[in-house]
file upload02.txt (compact mmCIF, N, CA and C atoms)
# COMPACT_ATOMS: atom_id res chain seq x y z
N MET A 1 -16.77 35.69 19.16
CA MET A 1 -17.11 36.97 19.72
C MET A 1 -18.59 37.23 19.44
N ILE A 2 -19.29 37.71 20.45
CA ILE A 2 -20.70 38.07 20.32
C ILE A 2 -20.80 39.58 20.22
N ILE A 3 -21.48 40.02 19.19
CA ILE A 3 -21.67 41.46 18.99
C ILE A 3 -23.14 41.78 19.18
N ASP A 4 -23.41 42.77 19.97
CA ASP A 4 -24.78 43.21 20.22
C ASP A 4 -24.94 44.62 19.64
N PRO A 5 -25.27 44.71 18.34
CA PRO A 5 -25.37 46.05 17.73
C PRO A 5 -26.59 46.81 18.23
N LYS A 6 -26.45 48.07 18.36
CA LYS A 6 -27.54 48.94 18.76
C LYS A 6 -27.84 49.87 17.59
N ILE A 7 -29.06 49.84 17.14
CA ILE A 7 -29.47 50.69 16.03
C ILE A 7 -30.50 51.67 16.55
N SER A 8 -30.23 52.94 16.37
CA SER A 8 -31.17 53.97 16.78
C SER A 8 -31.93 54.45 15.56
N PRO A 9 -33.24 54.52 15.64
CA PRO A 9 -33.99 55.01 14.49
C PRO A 9 -33.72 56.50 14.27
N GLU A 10 -33.68 56.88 13.02
CA GLU A 10 -33.45 58.28 12.66
C GLU A 10 -34.74 58.82 12.07
N ASN A 11 -35.12 59.98 12.48
CA ASN A 11 -36.34 60.59 11.97
C ASN A 11 -36.02 61.40 10.72
N ILE A 12 -36.12 60.77 9.55
CA ILE A 12 -35.78 61.47 8.31
C ILE A 12 -36.82 62.50 7.94
N ILE A 13 -38.04 62.37 8.44
CA ILE A 13 -39.06 63.37 8.15
C ILE A 13 -38.65 64.73 8.72
N LEU A 14 -38.12 64.76 9.94
CA LEU A 14 -37.68 66.03 10.49
C LEU A 14 -36.49 66.59 9.73
N ASP A 15 -35.62 65.72 9.24
CA ASP A 15 -34.49 66.19 8.44
C ASP A 15 -34.96 66.78 7.11
N TRP A 16 -36.04 66.24 6.57
CA TRP A 16 -36.55 66.69 5.27
C TRP A 16 -37.86 67.45 5.41
N ALA A 17 -38.07 68.06 6.54
CA ALA A 17 -39.37 68.64 6.85
C ALA A 17 -39.52 70.08 6.37
N ASN A 18 -38.89 70.44 5.29
CA ASN A 18 -39.01 71.80 4.80
C ASN A 18 -40.30 71.95 4.00
N PHE A 19 -41.38 72.24 4.70
CA PHE A 19 -42.66 72.46 4.04
C PHE A 19 -43.03 73.94 4.11
N GLU A 20 -42.04 74.80 4.10
CA GLU A 20 -42.27 76.23 4.20
C GLU A 20 -42.46 76.88 2.82
N ASP A 21 -41.93 76.27 1.77
CA ASP A 21 -41.97 76.87 0.44
C ASP A 21 -42.97 76.14 -0.45
N TRP A 22 -43.91 76.90 -0.99
CA TRP A 22 -44.97 76.35 -1.84
C TRP A 22 -45.05 77.20 -3.11
N GLU A 23 -44.02 77.13 -3.95
CA GLU A 23 -43.93 77.97 -5.15
C GLU A 23 -45.11 77.78 -6.09
N ASN A 24 -45.69 76.57 -6.16
CA ASN A 24 -46.78 76.29 -7.09
C ASN A 24 -48.16 76.38 -6.45
N GLY A 25 -48.24 76.94 -5.26
CA GLY A 25 -49.53 77.11 -4.59
C GLY A 25 -49.76 76.10 -3.48
N ALA A 26 -50.76 76.37 -2.67
CA ALA A 26 -51.03 75.57 -1.48
C ALA A 26 -51.65 74.21 -1.78
N SER A 27 -52.07 73.97 -3.02
CA SER A 27 -52.66 72.67 -3.35
C SER A 27 -51.76 71.86 -4.28
N ALA A 28 -50.49 72.22 -4.35
CA ALA A 28 -49.50 71.47 -5.13
C ALA A 28 -48.46 70.92 -4.16
N ALA A 29 -47.56 70.10 -4.67
CA ALA A 29 -46.49 69.57 -3.82
C ALA A 29 -45.58 70.72 -3.37
N PRO A 30 -45.04 70.64 -2.17
CA PRO A 30 -44.11 71.68 -1.71
C PRO A 30 -42.89 71.77 -2.63
N THR A 31 -42.25 72.92 -2.61
CA THR A 31 -41.06 73.14 -3.42
C THR A 31 -40.02 72.07 -3.13
N GLU A 32 -39.41 71.51 -4.17
CA GLU A 32 -38.39 70.46 -4.14
C GLU A 32 -38.96 69.09 -3.77
N TRP A 33 -40.26 68.92 -3.75
CA TRP A 33 -40.91 67.63 -3.53
C TRP A 33 -41.67 67.27 -4.78
N THR A 34 -41.83 65.97 -5.05
CA THR A 34 -42.54 65.49 -6.23
C THR A 34 -43.74 64.67 -5.79
N LEU A 35 -44.89 64.95 -6.39
CA LEU A 35 -46.11 64.21 -6.12
C LEU A 35 -46.41 63.34 -7.34
N SER A 36 -46.64 62.06 -7.12
CA SER A 36 -46.96 61.18 -8.23
C SER A 36 -48.05 60.19 -7.82
N GLY A 37 -48.66 59.58 -8.81
CA GLY A 37 -49.73 58.61 -8.56
C GLY A 37 -51.06 59.14 -9.07
N THR A 38 -51.85 58.27 -9.63
CA THR A 38 -53.14 58.65 -10.18
C THR A 38 -54.06 59.13 -9.07
N GLY A 39 -54.52 60.35 -9.19
CA GLY A 39 -55.44 60.92 -8.21
C GLY A 39 -54.78 61.41 -6.93
N ALA A 40 -53.45 61.37 -6.86
CA ALA A 40 -52.76 61.83 -5.65
C ALA A 40 -52.91 63.35 -5.52
N ALA A 41 -52.98 63.81 -4.28
CA ALA A 41 -53.12 65.24 -4.03
C ALA A 41 -52.31 65.64 -2.80
N ALA A 42 -51.79 66.85 -2.86
CA ALA A 42 -51.04 67.41 -1.72
C ALA A 42 -51.71 68.73 -1.35
N ALA A 43 -51.71 69.05 -0.08
CA ALA A 43 -52.28 70.31 0.38
C ALA A 43 -51.45 70.85 1.54
N ARG A 44 -51.27 72.16 1.55
CA ARG A 44 -50.57 72.79 2.65
C ARG A 44 -51.48 72.75 3.88
N GLU A 45 -50.92 72.36 5.01
CA GLU A 45 -51.67 72.18 6.25
C GLU A 45 -51.03 73.02 7.34
N ALA A 46 -51.83 73.79 8.06
CA ALA A 46 -51.30 74.62 9.13
C ALA A 46 -51.85 74.22 10.49
N THR A 47 -52.68 73.18 10.56
CA THR A 47 -53.28 72.76 11.82
C THR A 47 -52.41 71.75 12.55
N ILE A 48 -51.97 70.71 11.86
CA ILE A 48 -51.14 69.68 12.46
C ILE A 48 -49.71 69.87 11.95
N VAL A 49 -48.87 70.48 12.76
CA VAL A 49 -47.50 70.82 12.37
C VAL A 49 -46.53 70.32 13.43
N LYS A 50 -45.53 69.56 13.03
CA LYS A 50 -44.52 69.05 13.97
C LYS A 50 -43.33 69.99 14.08
N GLN A 51 -43.04 70.71 12.99
CA GLN A 51 -41.89 71.62 12.97
C GLN A 51 -42.14 72.67 11.91
N GLY A 52 -41.83 73.92 12.19
CA GLY A 52 -42.01 74.99 11.21
C GLY A 52 -43.43 75.53 11.20
N THR A 53 -43.83 76.09 10.06
CA THR A 53 -45.13 76.74 9.94
C THR A 53 -46.19 75.83 9.33
N TYR A 54 -45.78 74.98 8.37
CA TYR A 54 -46.73 74.15 7.65
C TYR A 54 -46.31 72.68 7.67
N SER A 55 -47.28 71.82 7.40
CA SER A 55 -47.02 70.42 7.10
C SER A 55 -47.67 70.15 5.75
N CYS A 56 -47.53 68.94 5.25
CA CYS A 56 -48.10 68.58 3.95
C CYS A 56 -49.11 67.44 4.17
N LYS A 57 -50.34 67.65 3.74
CA LYS A 57 -51.36 66.62 3.84
C LYS A 57 -51.43 65.91 2.49
N LEU A 58 -51.20 64.60 2.51
CA LEU A 58 -51.22 63.81 1.28
C LEU A 58 -52.45 62.91 1.26
N THR A 59 -53.09 62.84 0.11
CA THR A 59 -54.18 61.91 -0.10
C THR A 59 -53.93 61.19 -1.41
N TYR A 60 -54.47 60.00 -1.52
CA TYR A 60 -54.26 59.24 -2.75
C TYR A 60 -55.60 58.92 -3.38
N GLY A 61 -55.55 58.70 -4.69
CA GLY A 61 -56.77 58.40 -5.43
C GLY A 61 -56.91 56.92 -5.65
N SER A 62 -56.96 56.51 -6.89
CA SER A 62 -57.22 55.11 -7.21
C SER A 62 -55.97 54.25 -7.26
N ALA A 63 -54.79 54.86 -7.28
CA ALA A 63 -53.55 54.09 -7.36
C ALA A 63 -52.66 54.39 -6.18
N ASN A 64 -51.87 53.41 -5.77
CA ASN A 64 -50.93 53.61 -4.67
C ASN A 64 -49.64 54.19 -5.19

call {"tool": "encode", "arguments": {"input": "upload02.txt", "output": "structure tokens"}}
result
Amino acid sequence: MIIDPKISPENIILDWANFEDWENGASAAPTEWTLSGTGAAAAREATIVKQGTYSCKLTYGSAN
């Protein structure tokens, strides 16, 4: 028997796209998100938004 499976990609970013809550301020990771890595930074972004009011802009420093 030949099986031809079809896999549809799932957009997990939209499922986890709750960037509306910023309990620790606009320059910290969004509520319920963790930021790690040497020199890593998160910032609330209101210009490029796919869903909701805000997105999260991530930058990295010297470590991945």

call {"tool": "residues_around", "arguments": {"input": "upload02.txt", "residues": "stretch 23-38 of chain A", "least_positions_apart": "5", "cutoff": "8 Å", "atoms": "all atoms listed in the file", "output": "list in words"}}
result
Asn18, Ala43, Arg44, Glu45, Cys56, Thr59, Tyr60, Gly61, Ser62, Ala63 and Asn64 of chain A

call {"tool": "atom_distance", "arguments": {"input": "upload02.txt", "atom1": "atom CA of A:Gly52", "atom2": "atom CA of A:Phe19"}}
result
7.6 Å

call {"tool": "atom_distance", "arguments": {"input": "upload02.txt", "atom1": "atom CA of A:Ala46", "atom2": "atom C of A:Glu20"}}
result
11.1 Å

call {"tool": "axis_aligned_box", "arguments": {"input": "upload02.txt", "around": "stretch 17-29 of chain A", "padding_each_side": "3 Å", "output": "JSON"}}
result
{"center_x": -45.4, "center_y": 73.0, "center_z": -0.1, "size_x": 20.6, "size_y": 15.9, "size_z": 19.9}

call {"tool": "atom_distance", "arguments": {"input": "upload02.txt", "atom1": "atom N of A:Ala41", "atom2": "atom N of A:Lys57"}}
result
9.3 Å

call {"tool": "build_atoms", "arguments": {"input": "upload02.txt", "residues": "stretch 21-32 of chain A", "atoms": "all heavy atoms", "output": "compact mmCIF listing (two decimals), keeping the file's coordinate frame"}}
result
# COMPACT_ATOMS: atom_id res chain seq x y z
N ASP A 21 -41.93 76.27 1.77
CA ASP A 21 -41.97 76.87 0.44
C ASP A 21 -42.97 76.14 -0.45
O ASP A 21 -42.88 74.93 -0.64
CB ASP A 21 -40.58 76.81 -0.20
CG ASP A 21 -39.54 77.56 0.60
OD1 ASP A 21 -39.88 78.61 1.18
OD2 ASP A 21 -38.40 77.09 0.66
N TRP A 22 -43.91 76.90 -0.99
CA TRP A 22 -44.97 76.35 -1.84
C TRP A 22 -45.05 77.20 -3.11
O TRP A 22 -46.01 77.92 -3.33
CB TRP A 22 -46.30 76.34 -1.09
CG TRP A 22 -46.28 75.46 0.12
CD1 TRP A 22 -45.71 75.72 1.32
CD2 TRP A 22 -46.83 74.15 0.22
NE1 TRP A 22 -45.87 74.67 2.17
CE2 TRP A 22 -46.57 73.69 1.53
CE3 TRP A 22 -47.53 73.32 -0.65
CZ2 TRP A 22 -46.97 72.44 1.97
CZ3 TRP A 22 -47.94 72.08 -0.20
CH2 TRP A 22 -47.66 71.64 1.09
N GLU A 23 -44.02 77.13 -3.95
CA GLU A 23 -43.93 77.97 -5.15
C GLU A 23 -45.11 77.78 -6.09
O GLU A 23 -45.52 78.71 -6.78
CB GLU A 23 -42.64 77.70 -5.90
CG GLU A 23 -41.41 78.19 -5.20
CD GLU A 23 -40.14 77.86 -5.94
OE1 GLU A 23 -40.20 77.24 -7.02
OE2 GLU A 23 -39.06 78.24 -5.44
N ASN A 24 -45.69 76.57 -6.16
CA ASN A 24 -46.78 76.29 -7.09
C ASN A 24 -48.16 76.38 -6.45
O ASN A 24 -49.14 75.93 -7.02
CB ASN A 24 -46.59 74.91 -7.72
CG ASN A 24 -45.33 74.85 -8.55
OD1 ASN A 24 -45.04 75.78 -9.29
ND2 ASN A 24 -44.57 73.78 -8.43
N GLY A 25 -48.24 76.94 -5.26
CA GLY A 25 -49.53 77.11 -4.59
C GLY A 25 -49.76 76.10 -3.48
O GLY A 25 -49.06 75.09 -3.39
N ALA A 26 -50.76 76.37 -2.67
CA ALA A 26 -51.03 75.57 -1.48
C ALA A 26 -51.65 74.21 -1.78
O ALA A 26 -51.73 73.36 -0.90
CB ALA A 26 -51.95 76.35 -0.54
N SER A 27 -52.07 73.97 -3.02
CA SER A 27 -52.66 72.67 -3.35
C SER A 27 -51.76 71.86 -4.28
O SER A 27 -52.22 70.91 -4.91
CB SER A 27 -54.04 72.85 -3.98
OG SER A 27 -53.92 73.62 -5.16
N ALA A 28 -50.49 72.22 -4.35
CA ALA A 28 -49.50 71.47 -5.13
C ALA A 28 -48.46 70.92 -4.16
O ALA A 28 -48.48 71.22 -2.97
CB ALA A 28 -48.83 72.39 -6.16
N ALA A 29 -47.56 70.10 -4.67
CA ALA A 29 -46.49 69.57 -3.82
C ALA A 29 -45.58 70.72 -3.37
O ALA A 29 -45.38 71.68 -4.11
CB ALA A 29 -45.68 68.53 -4.58
N PRO A 30 -45.04 70.64 -2.17
CA PRO A 30 -44.11 71.68 -1.71
C PRO A 30 -42.89 71.77 -2.63
O PRO A 30 -42.55 70.83 -3.34
CB PRO A 30 -43.68 71.19 -0.32
CG PRO A 30 -44.69 70.18 0.08
CD PRO A 30 -45.21 69.59 -1.17
N THR A 31 -42.25 72.92 -2.61
CA THR A 31 -41.06 73.14 -3.42
C THR A 31 -40.02 72.07 -3.13
O THR A 31 -39.78 71.73 -1.97
CB THR A 31 -40.47 74.54 -3.12
OG1 THR A 31 -41.51 75.50 -3.35
CG2 THR A 31 -39.28 74.85 -3.99
N GLU A 32 -39.41 71.51 -4.17
CA GLU A 32 -38.39 70.46 -4.14
C GLU A 32 -38.96 69.09 -3.77
O GLU A 32 -38.21 68.17 -3.49
CB GLU A 32 -37.23 70.83 -3.21
CG GLU A 32 -36.48 72.07 -3.67
CD GLU A 32 -35.29 72.38 -2.80
OE1 GLU A 32 -34.82 71.52 -2.04
OE2 GLU A 32 -34.81 73.52 -2.88
